[in-house]
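Colleague: So that you have it, the file is input02.tsv, and it contains TSV, C-alpha atoms:
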```
chain	number	residue	atom	x	y	z
U	11	MET	CA	0.00	0.00	0.00
U	12	GLY	CA	2.99	2.29	0.02
U	13	LYS	CA	2.60	5.36	2.18
U	14	GLY	CA	-1.03	5.96	1.42
U	15	LYS	CA	-0.35	8.02	-1.70
U	16	SER	CA	-1.80	5.36	-3.98
U	17	GLY	CA	-5.37	5.71	-5.16
U	18	ALA	CA	-8.05	4.00	-3.12
U	19	LYS	CA	-9.44	2.22	-6.18
U	20	ALA	CA	-6.05	0.80	-7.17
U	21	ALA	CA	-5.47	-0.44	-3.62
U	22	PHE	CA	-8.68	-2.47	-3.49
U	23	SER	CA	-7.42	-5.44	-5.49
U	24	ALA	CA	-4.09	-5.47	-3.62
U	25	LEU	CA	-5.96	-5.66	-0.32
U	26	ALA	CA	-8.73	-8.07	-1.32
U	27	THR	CA	-6.81	-10.62	-3.41
U	28	PRO	CA	-4.68	-12.07	-0.56
U	29	LEU	CA	-7.78	-12.43	1.60
U	30	VAL	CA	-9.68	-14.19	-1.21
U	31	ASP	CA	-6.71	-16.51	-1.77
U	32	SER	CA	-6.58	-17.30	1.95
U	33	ALA	CA	-10.31	-18.11	2.05
U	34	VAL	CA	-9.97	-20.49	-0.91
U	35	GLU	CA	-6.99	-22.26	0.66
U	36	GLN	CA	-8.81	-22.53	3.99
U	37	ALA	CA	-11.81	-24.04	2.21
U	38	ARG	CA	-9.51	-26.65	0.68
U	39	ASP	CA	-8.14	-27.48	4.13
U	40	ILE	CA	-11.67	-27.85	5.52
U	41	ALA	CA	-12.63	-30.14	2.64
U	42	ARG	CA	-9.72	-32.39	3.60
U	43	VAL	CA	-10.04	-32.12	7.39
U	44	PRO	CA	-13.02	-30.12	8.72
U	45	ASP	CA	-11.41	-29.36	12.08
U	46	VAL	CA	-12.28	-26.63	14.57
U	47	GLU	CA	-9.38	-24.30	13.82
U	48	GLY	CA	-9.84	-24.44	10.06
U	49	ILE	CA	-13.47	-23.36	10.27
U	50	HIS	CA	-12.57	-20.62	12.74
U	51	GLN	CA	-9.85	-19.24	10.47
U	52	LEU	CA	-12.17	-19.21	7.46
U	53	ARG	CA	-14.71	-17.18	9.43
U	54	VAL	CA	-11.99	-14.70	10.46
U	55	THR	CA	-10.97	-14.26	6.83
U	56	LEU	CA	-14.57	-13.75	5.74
U	57	ARG	CA	-15.07	-11.14	8.47
U	58	SER	CA	-11.97	-9.33	7.20
U	59	LEU	CA	-13.43	-9.37	3.69
U	60	LEU	CA	-16.77	-8.05	4.96
U	61	THR	CA	-14.90	-5.24	6.73
U	62	LEU	CA	-12.98	-4.42	3.56
U	63	TRP	CA	-16.21	-4.24	1.56
U	64	TRP	CA	-17.68	-1.93	4.24
U	65	PHE	CA	-14.57	0.23	3.94
U	66	TYR	CA	-15.19	0.69	0.20
U	67	ARG	CA	-18.94	1.14	0.54
U	68	PRO	CA	-18.86	4.93	-0.14
U	69	LEU	CA	-17.30	4.22	-3.54
U	70	MET	CA	-19.87	1.61	-4.56
U	71	GLU	CA	-23.48	1.66	-5.66
U	72	ALA	CA	-25.79	0.64	-2.82
U	73	ARG	CA	-27.23	-2.27	-4.80
U	74	GLU	CA	-23.80	-3.63	-5.69
U	75	TYR	CA	-22.60	-3.38	-2.09
U	76	ALA	CA	-25.71	-5.19	-0.80
U	77	ARG	CA	-25.29	-7.95	-3.38
U	78	GLN	CA	-21.64	-8.62	-2.60
U	79	ARG	CA	-22.21	-8.40	1.14
U	80	SER	CA	-24.98	-10.99	0.84
U	81	CYS	CA	-22.60	-13.31	-0.99
U	82	LEU	CA	-19.97	-13.05	1.74
U	83	LYS	CA	-22.54	-13.44	4.50
U	84	SER	CA	-23.96	-16.63	2.97
U	85	ILE	CA	-20.55	-18.28	3.03
U	86	ALA	CA	-19.87	-17.06	6.57
U	87	SER	CA	-23.25	-18.42	7.71
U	88	ALA	CA	-22.45	-21.86	6.31
U	89	ALA	CA	-19.21	-21.93	8.30
U	90	GLY	CA	-21.00	-20.50	11.33
U	91	MET	CA	-23.42	-23.41	11.64
U	92	ALA	CA	-20.60	-25.86	12.39
U	93	ARG	CA	-18.64	-23.28	14.38
U	94	ASP	CA	-21.50	-22.85	16.87
U	95	TYR	CA	-21.33	-26.54	17.71
U	96	ASP	CA	-17.54	-26.35	18.04
U	97	ILE	CA	-17.94	-23.55	20.59
U	98	LEU	CA	-20.50	-25.47	22.67
U	99	ILE	CA	-18.51	-28.72	22.59
U	100	GLU	CA	-15.31	-26.94	23.65
U	101	LEU	CA	-17.07	-25.11	26.50
U	102	LEU	CA	-18.58	-28.31	27.89
U	103	ARG	CA	-15.40	-30.32	27.53
U	104	ARG	CA	-13.19	-27.67	29.10
U	105	ASN	CA	-15.48	-27.32	32.10
U	106	ASP	CA	-16.38	-31.03	32.38
U	107	LYS	CA	-20.10	-30.25	32.11
U	108	CYS	CA	-21.29	-33.01	29.80
U	109	SER	CA	-21.14	-36.80	29.61
U	110	ALA	CA	-19.35	-38.64	26.83
U	111	ALA	CA	-22.72	-39.58	25.37
U	112	GLY	CA	-23.78	-35.93	25.32
U	113	ILE	CA	-20.56	-34.86	23.59
U	114	ALA	CA	-21.00	-37.63	21.03
U	115	ALA	CA	-24.54	-36.43	20.30
U	116	LEU	CA	-23.29	-32.88	19.82
U	117	ALA	CA	-20.52	-34.09	17.50
U	118	THR	CA	-23.12	-35.89	15.38
U	119	ALA	CA	-25.24	-32.73	15.19
U	120	ARG	CA	-22.13	-30.75	14.27
U	121	GLU	CA	-21.43	-33.10	11.36
U	122	SER	CA	-25.00	-32.67	10.14
U	123	ALA	CA	-24.62	-28.88	10.27
U	124	LEU	CA	-21.37	-29.13	8.34
U	125	GLN	CA	-23.01	-31.30	5.70
U	126	ALA	CA	-25.89	-28.84	5.37
U	127	GLY	CA	-23.44	-26.09	4.49
U	128	ARG	CA	-21.13	-28.28	2.42
U	129	GLU	CA	-22.04	-26.74	-0.93
U	130	ASN	CA	-21.38	-23.17	0.22
U	131	LEU	CA	-18.09	-24.27	1.81
U	132	SER	CA	-16.76	-26.23	-1.16
U	133	PRO	CA	-13.48	-24.83	-2.57
U	134	PRO	CA	-14.85	-24.45	-6.14
U	135	TYR	CA	-17.91	-22.56	-4.88
U	136	ILE	CA	-15.93	-20.23	-2.60
U	137	GLN	CA	-13.30	-19.61	-5.27
U	138	ALA	CA	-15.89	-18.81	-7.95
U	139	ARG	CA	-18.04	-16.57	-5.74
U	140	LEU	CA	-15.21	-14.63	-4.14
U	141	GLN	CA	-13.31	-14.08	-7.37
U	142	GLU	CA	-16.54	-12.95	-9.01
U	143	ALA	CA	-17.19	-10.56	-6.11
U	144	LEU	CA	-13.65	-9.22	-6.39
U	145	ALA	CA	-13.91	-8.64	-10.15
U	146	GLN	CA	-17.38	-7.09	-10.00
U	147	THR	CA	-16.53	-4.79	-7.12
U	148	SER	CA	-13.29	-3.65	-8.78
U	149	ALA	CA	-15.26	-2.78	-11.91
U	150	SER	CA	-18.02	-1.02	-9.95
U	151	LEU	CA	-15.89	1.40	-7.94
U	152	GLY	CA	-16.92	4.92	-8.85
U	153	PRO	CA	-14.96	6.92	-11.45
U	154	GLY	CA	-13.88	9.48	-8.85
U	155	SER	CA	-12.31	6.82	-6.65
U	156	GLY	CA	-9.24	6.67	-8.85
U	157	GLN	CA	-8.21	10.12	-7.61
U	158	LEU	CA	-9.13	9.54	-3.96
U	159	ARG	CA	-6.05	8.80	-1.88
U	160	LEU	CA	-6.11	5.67	0.23
U	161	ARG	CA	-4.88	7.55	3.29
U	162	VAL	CA	-7.77	10.02	3.08
U	163	LEU	CA	-10.38	7.28	2.77
U	164	ALA	CA	-8.76	5.20	5.53
U	165	GLN	CA	-8.78	8.05	8.03
U	166	ALA	CA	-12.40	8.90	7.26
U	167	ARG	CA	-13.69	5.32	7.47
U	168	VAL	CA	-11.75	4.47	10.61
U	169	ALA	CA	-13.07	7.65	12.24
U	170	GLN	CA	-16.63	6.61	11.34
U	171	SER	CA	-16.06	3.10	12.68
U	172	VAL	CA	-14.68	4.48	15.94
U	173	ARG	CA	-17.72	6.74	16.36
U	174	GLN	CA	-19.99	3.74	15.89
U	175	LEU	CA	-17.96	1.83	18.49
U	176	ARG	CA	-18.25	4.68	20.99
U	177	ARG	CA	-22.02	4.82	20.53
U	178	CYS	CA	-22.27	1.06	21.11
U	179	ILE	CA	-20.16	1.30	24.26
U	180	LYS	CA	-22.25	4.18	25.57
U	181	ARG	CA	-25.46	2.22	25.05
U	182	ALA	CA	-23.99	-0.85	26.76
U	183	ILE	CA	-22.71	0.92	29.88
U	184	THR	CA	-25.63	3.31	30.41
U	185	SER	CA	-28.30	0.61	30.34
U	186	GLY	CA	-30.00	0.05	33.68
U	187	ARG	CA	-29.16	-3.65	33.48
U	188	PRO	CA	-26.37	-5.26	31.42
U	189	ASP	CA	-27.97	-6.06	28.07
U	190	LEU	CA	-26.65	-8.96	25.99
U	191	GLU	CA	-27.61	-7.43	22.66
U	192	ALA	CA	-25.86	-4.15	23.52
U	193	PHE	CA	-22.62	-5.95	24.31
U	194	HIS	CA	-22.97	-8.01	21.15
U	195	ASP	CA	-23.08	-4.71	19.24
U	196	VAL	CA	-19.92	-3.60	21.06
U	197	ARG	CA	-18.21	-6.82	19.99
U	198	LYS	CA	-19.20	-6.40	16.33
U	199	ALA	CA	-18.23	-2.73	16.25
U	200	GLY	CA	-14.96	-3.48	18.01
U	201	LYS	CA	-14.09	-6.26	15.57
U	202	LYS	CA	-14.78	-4.04	12.59
U	203	THR	CA	-12.61	-1.27	14.00
U	204	ARG	CA	-9.83	-3.70	14.87
U	205	TYR	CA	-9.83	-5.25	11.39
U	206	LEU	CA	-9.68	-1.78	9.83
U	207	LEU	CA	-6.74	-0.80	12.02
U	208	GLU	CA	-4.93	-4.02	11.12
U	209	LEU	CA	-5.65	-3.68	7.39
U	210	PHE	CA	-4.79	0.03	7.10
U	211	GLY	CA	-2.31	0.55	9.93
U	212	PRO	CA	0.54	1.54	7.56
U	213	VAL	CA	-1.41	4.57	6.28
U	214	LEU	CA	-2.90	5.67	9.61
U	215	PRO	CA	-1.44	7.96	12.29
U	216	VAL	CA	0.58	6.15	14.95
U	217	ASP	CA	-1.88	7.11	17.70
U	218	HIS	CA	-4.24	4.45	16.40
U	219	ARG	CA	-1.88	1.78	17.75
U	220	ARG	CA	-2.99	2.40	21.32
U	221	LEU	CA	-6.62	1.82	20.36
U	222	LEU	CA	-5.71	-1.34	18.44
U	223	LYS	CA	-3.90	-2.79	21.46
U	224	ARG	CA	-6.88	-2.07	23.70
U	225	LEU	CA	-9.30	-3.66	21.24
U	226	GLN	CA	-7.12	-6.74	21.09
U	227	LYS	CA	-7.21	-7.00	24.89
U	228	ILE	CA	-10.98	-6.79	25.25
U	229	GLN	CA	-11.57	-9.27	22.45
U	230	GLN	CA	-11.15	-12.23	24.79
U	231	PRO	CA	-13.82	-11.29	27.39
U	232	LEU	CA	-16.21	-10.17	24.64
U	233	GLY	CA	-15.54	-13.41	22.80
U	234	GLU	CA	-16.17	-15.46	25.95
U	235	LEU	CA	-19.52	-13.72	26.40
U	236	ASN	CA	-20.42	-14.43	22.78
U	237	ASP	CA	-19.47	-18.11	23.18
U	238	LEU	CA	-21.79	-18.42	26.17
U	239	ALA	CA	-24.64	-16.65	24.35
U	240	VAL	CA	-24.18	-18.77	21.20
U	241	SER	CA	-24.19	-21.96	23.25
U	242	GLU	CA	-27.32	-20.93	25.16
U	243	SER	CA	-29.09	-20.11	21.91
U	244	LEU	CA	-28.06	-23.39	20.28
U	245	LEU	CA	-29.47	-25.43	23.16
U	246	ARG	CA	-32.62	-23.32	23.34
U	247	GLN	CA	-33.31	-23.82	19.63
U	248	ASN	CA	-32.48	-27.54	19.80
U	249	PRO	CA	-33.78	-28.72	23.20
U	250	ARG	CA	-33.08	-32.39	22.46
U	251	LEU	CA	-29.41	-31.98	21.58
U	252	ILE	CA	-28.37	-33.38	24.95
U	253	PRO	CA	-29.85	-36.90	25.40
U	254	SER	CA	-30.41	-36.53	29.15
U	255	PRO	CA	-33.10	-33.92	30.00
U	256	ASP	CA	-31.70	-33.43	33.50
U	257	GLN	CA	-28.21	-32.87	32.19
U	258	ALA	CA	-29.49	-30.49	29.51
U	259	LYS	CA	-31.31	-28.47	32.17
U	260	GLU	CA	-28.21	-28.29	34.33
U	261	ILE	CA	-26.06	-27.17	31.39
U	262	ARG	CA	-28.53	-24.41	30.49
U	263	ARG	CA	-28.55	-23.23	34.10
U	264	TRP	CA	-24.73	-23.20	34.18
U	265	LEU	CA	-24.48	-21.29	30.90
U	266	ARG	CA	-27.02	-18.72	32.07
U	267	LYS	CA	-25.12	-18.13	35.31
U	268	LYS	CA	-21.78	-17.78	33.49
U	269	ARG	CA	-23.30	-15.41	30.94
U	270	LYS	CA	-24.76	-13.13	33.61
U	271	HIS	CA	-21.44	-13.01	35.46
U	272	ARG	CA	-19.56	-12.19	32.25
U	273	LEU	CA	-22.04	-9.44	31.38
U	274	SER	CA	-21.58	-7.82	34.77
U	275	ALA	CA	-17.78	-8.02	34.56
U	276	LEU	CA	-17.71	-6.53	31.06
U	277	SER	CA	-19.98	-3.70	32.11
U	278	CYS	CA	-17.54	-2.74	34.87
U	279	LEU	CA	-14.56	-3.13	32.52
U	280	LEU	CA	-15.96	-0.82	29.85
U	281	ARG	CA	-17.06	1.80	32.38
U	282	LYS	CA	-13.47	2.07	33.61
U	283	ASP	CA	-11.84	1.95	30.15
U	284	ARG	CA	-10.99	5.55	29.28
U	285	ILE	CA	-9.18	4.64	26.06
U	286	LEU	CA	-12.24	3.02	24.48
U	287	LYS	CA	-14.70	5.60	25.78
U	288	GLN	CA	-12.53	8.44	24.44
U	289	ALA	CA	-11.48	6.68	21.21
```
Please express what this file holds, its structure, as structure tokens.
Modeller:
Amino acid sequence: MGKGKSGAKAAFSALATPLVDSAVEQARDIARVPDVEGIHQLRVTLRSLLTLWWFYRPLMEAREYARQRSCLKSIASAAGMARDYDILIELLRRNDKCSAAGIAALATARESALQAGRENLSPPYIQARLQEALAQTSASLGPGSGQLRLRVLAQARVAQSVRQLRRCIKRAITSGRPDLEAFHDVRKAGKKTRYLLELFGPVLPVDHRRLLKRLQKIQQPLGELNDLAVSESLLRQNPRLIPSPDQAKEIRRWLRKKRKHRLSALSCLLRKDRILKQA
């Protein structure tokens, strides 16, 4: 990306192509061995691509942006179905909260979810769709974008993302009671800002590094809260996932207690965090 003097339009392909290549290679790995880490890494890459498309949204027609975003989201959703089971299985194993029979039942359900999304996760499908999205978006960038400097666009879009993050944090910490949805919004806004800072760090002022480090630190507690919420939701939507009704009830009670504790802790953490509140 040089020093940010290159045009924003010219930089798009240089930024998007390595991410598309990574997603295709990750899909190939999943086709060979659909393990937990491979699916997780594919979802991270797809989130980075979604962030990049959001970054270029001002230079695209609204219809084109919506179409390409829908394409990326459909692939991410296919990976997400199996990932939700991976999260629940790991939580229960790590905390010794489920019998071997229960884990086996969850693993079977996870395989079914993976099979349901197999078409959208196949390497040929991902390669074709992402390369098509890359080509169509490159062609659709507005004529004025060739003169717009990457540094100028990066500073404007990061500033907008940070404002959105601040609004989400304010809503989360001023609520009378810790609200799960509000903290989920903080997590999404924080991830988007973090991906932007990682993608465009070389053309941003150095003072953004402090914010990036803080976002990286809060990712773990926000991620833990999301894991608990995802697991609760999965069990609520599929009440017979755990063969033993008594064990299923106990697991739901444990998840609910952990989630409430994590919500309270995060609320205190964000109230005290001057860097994020003043970002």
Colleague: What is the atom CA of Lys259 of chain U-atom CA of Val46 of chain U distance in Å, reported with one decimal?
Modeller: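 Spanning atom CA of Lys259 of chain U to atom CA of Val46 of chain U is a straight-line distance of 26.0 Å.
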Colleague: Write out as a short mmCIF file (atom, residue, chain, number, x, y, z; two decimals) with C-alpha atoms, in the coordinates of the input each polymer residue whose atoms come within 9 Å of Leu56 of chain U, counting all atoms listed in the file; drop sequence neighbours fewer than 2 positions from it.
Modeller:
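Result file result-v6.cif:
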```cif
data_model
loop_
_atom_site.label_atom_id
_atom_site.label_comp_id
_atom_site.auth_asym_id
_atom_site.auth_seq_id
_atom_site.Cartn_x
_atom_site.Cartn_y
_atom_site.Cartn_z
CA LEU U 29 -7.78 -12.43 1.60
CA VAL U 30 -9.68 -14.19 -1.21
CA ALA U 33 -10.31 -18.11 2.05
CA GLN U 51 -9.85 -19.24 10.47
CA LEU U 52 -12.17 -19.21 7.46
CA ARG U 53 -14.71 -17.18 9.43
CA VAL U 54 -11.99 -14.70 10.46
CA SER U 58 -11.97 -9.33 7.20
CA LEU U 59 -13.43 -9.37 3.69
CA LEU U 60 -16.77 -8.05 4.96
CA THR U 61 -14.90 -5.24 6.73
CA LEU U 82 -19.97 -13.05 1.74
CA LYS U 83 -22.54 -13.44 4.50
CA ILE U 85 -20.55 -18.28 3.03
CA ALA U 86 -19.87 -17.06 6.57
#
```
Colleague: For Val34 of chain U, please output as a PDB file with C-alpha atoms, in the frame of the given file all residues within 6 Å (counting all atoms listed in the file; exclusion window: fewer than 2 positions along the same chain).
Modeller:
```
ATOM      1  CA  ASP U  31      -6.710 -16.510  -1.770  1.00  0.00           C
ATOM      2  CA  SER U  32      -6.580 -17.300   1.950  1.00  0.00           C
ATOM      3  CA  GLN U  36      -8.810 -22.530   3.990  1.00  0.00           C
ATOM      4  CA  ALA U  37     -11.810 -24.040   2.210  1.00  0.00           C
ATOM      5  CA  PRO U 133     -13.480 -24.830  -2.570  1.00  0.00           C
ATOM      6  CA  GLN U 137     -13.300 -19.610  -5.270  1.00  0.00           C
TER       7      GLN U 137
END
```
Colleague: If I take atom CA of Leu235 of chain U and atom CA of Asp195 of chain U, how far is one from the other in Å, to one decimal?
Modeller: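 We find that atom CA of Leu235 of chain U and atom CA of Asp195 of chain U lie 12.0 Å from each other.
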Colleague: Just to confirm, what's the straight-line distance from atom CA of Leu160 of chain U to atom CA of Val213 of chain U in Å (one decimal)?
Modeller: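 Interatomic distance here is 7.7 Å.
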Colleague: Got a sec: who's within 10 Å of Ala126 of chain U, counting all atoms listed in the file, leaving out chain neighbours fewer than 5 positions off, as number ranges by chain?
Modeller: U: 88, 91-92, 120-121, 131
Colleague: Of the candidates U:Leu207, U:Cys178, U:Ala89, U:Leu102, which one gets nearest to Leu190 of chain U if we count all atoms listed in the file?
Modeller: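 Of all the options, U:Cys178 lies closest to Leu190 of chain U.
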